[in-house]
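See structure below.
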Amino acid sequence: MDLDEVADRLYALPPSDFTAARTAEARAAKEAGDARLSREIARLRKPTVSAWAVNRLAREHPAELAELLDVGERLRAAWREQDPGALAELTQRRGEVTEKVGRLARQDAELSPAAGTEVDQTLDAALVDDGAAAQVRQGRLAKPLRYSGFAPAPVTRAPAVRKGKSAGERAGEEAERARAREEAEARKARERQEAQAAHQEWVQALEVARREHEERAEKVARLEKKLGKARGKLDDARQRLEVAQREERRARQRLER
């Protein structure tokens, strides 16, 4: 058993079953003598509902997900090559395949509107970022992904050199700054939600660990009590042995006289 094998099993489970299964896997590794693996398993994070829905796509709809990731790879290549024709074609294809795969995710799981939006954002991130694509392909997401950068557009001609900025350019820059502020605020909100989810997860793990500790402590107390009684009986037996040895020597000495 290794971490990849355990992670594949855990991230295939619904989020409601994850924590208990992770605790059981960590305990099994520890009992098997692999403390390091046990610690690594315990550090695996419980997936959000949206992350779990995307993980299911990797397991239950690999062909459709592979199609989406292939479009993303070709789209990134078109961006790098600044190919307007390919970009136009692939942008349209991007919308079609994202809608199809997103619909499959919603069919396989009952998702809230917020979770559905997170699934769409994760699929978009996989389309435009190769690192996100690799994570989605692996099927072990713990949280949704989001691409916060801007996709490059094809260059048609070099811009003319200008000394000043027009009102339109200034307005565009202001809109860009406003969008950046909105994204920063949204990112902070997501990070807080993730922190709250992580805290709740560890609250549950703490309760499980506390119950286990109490059970083990009670068992040890019972064993120590039994051990104390056994030590008392051992002391009594030792005293009887010493008396019997002493009296046997005395009796032998009288016999030898």
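We label chains A, B, ... in the order they appear in the structure tokens, count residues from 1 in each chain, and number ligands from 1 in the order shown.
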(message) as a ChimeraX atom specification, please: every residue in segment 17-54 of chain A that DSSP puts in alpha helix (DSSP H).
(response) /A:17-31,35-42,49-54
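Considering only C-alpha atoms, the residue among A:Glu214, A:Asp120, A:Glu185, A:Glu89 positioned nearest to Val71 of chain A is A:Glu89.
Of the listed residues (A:Glu256, A:Glu118, A:Ala205, A:Gln200), A:Ala205 comes nearest to Arg43 of chain A; the distances count only C-alpha atoms.
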(request) Please provide the set of residues having any atom within 8 Å of Thr48 of chain A, restricted to only C-alpha atoms, with same-chain residues fewer than 5 positions apart removed, written as a list in words. (result) Pro15, Ala142, Lys143 and Pro144 of chain A
(request) Go through A:Leu104, A:Val49, A:Leu87, A:Leu227 and flag the residue nearest Pro62 of chain A, using only C-alpha atoms for the distances. (result)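 Ranking A:Leu104, A:Val49, A:Leu87, A:Leu227 by distance to Pro62 of chain A, first place goes to A:Leu104.
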(message) Measuring between only C-alpha atoms, which one of A:Asp70, A:Glu242, A:Asp4, A:Asp108 shows the shortest distance to Asp130 of chain A?
(response)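 Closest to Asp130 of chain A of all the choices is A:Asp70.
You will find atom CA of Ala125 of chain A at 14.8 Å from atom CA of Glu67 of chain A.
For the atom pair formed by atom CA of Asp17 of chain A and atom CA of Arg45 of chain A, the distance is 12.5 Å, given to one decimal.
Shortest atom-to-atom contact with Leu3 of chain A among A:Thr19, A:Ser38, A:Thr122, A:Gln107: A:Ser38, counting only C-alpha atoms.
For the atom pair formed by atom CA of Glu110 of chain A and atom CA of Ala58 of chain A, the distance is 17.3 Å, given to one decimal.
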(message) Let me make sure I understand: among A:Ala66, A:Leu223, A:Val54, A:Ala209, which one has the smallest atom-to-atom distance to Leu145 of chain A if we use only C-alpha atoms?
(response)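 For Leu145 of chain A, the nearest of the given residues is A:Val54.
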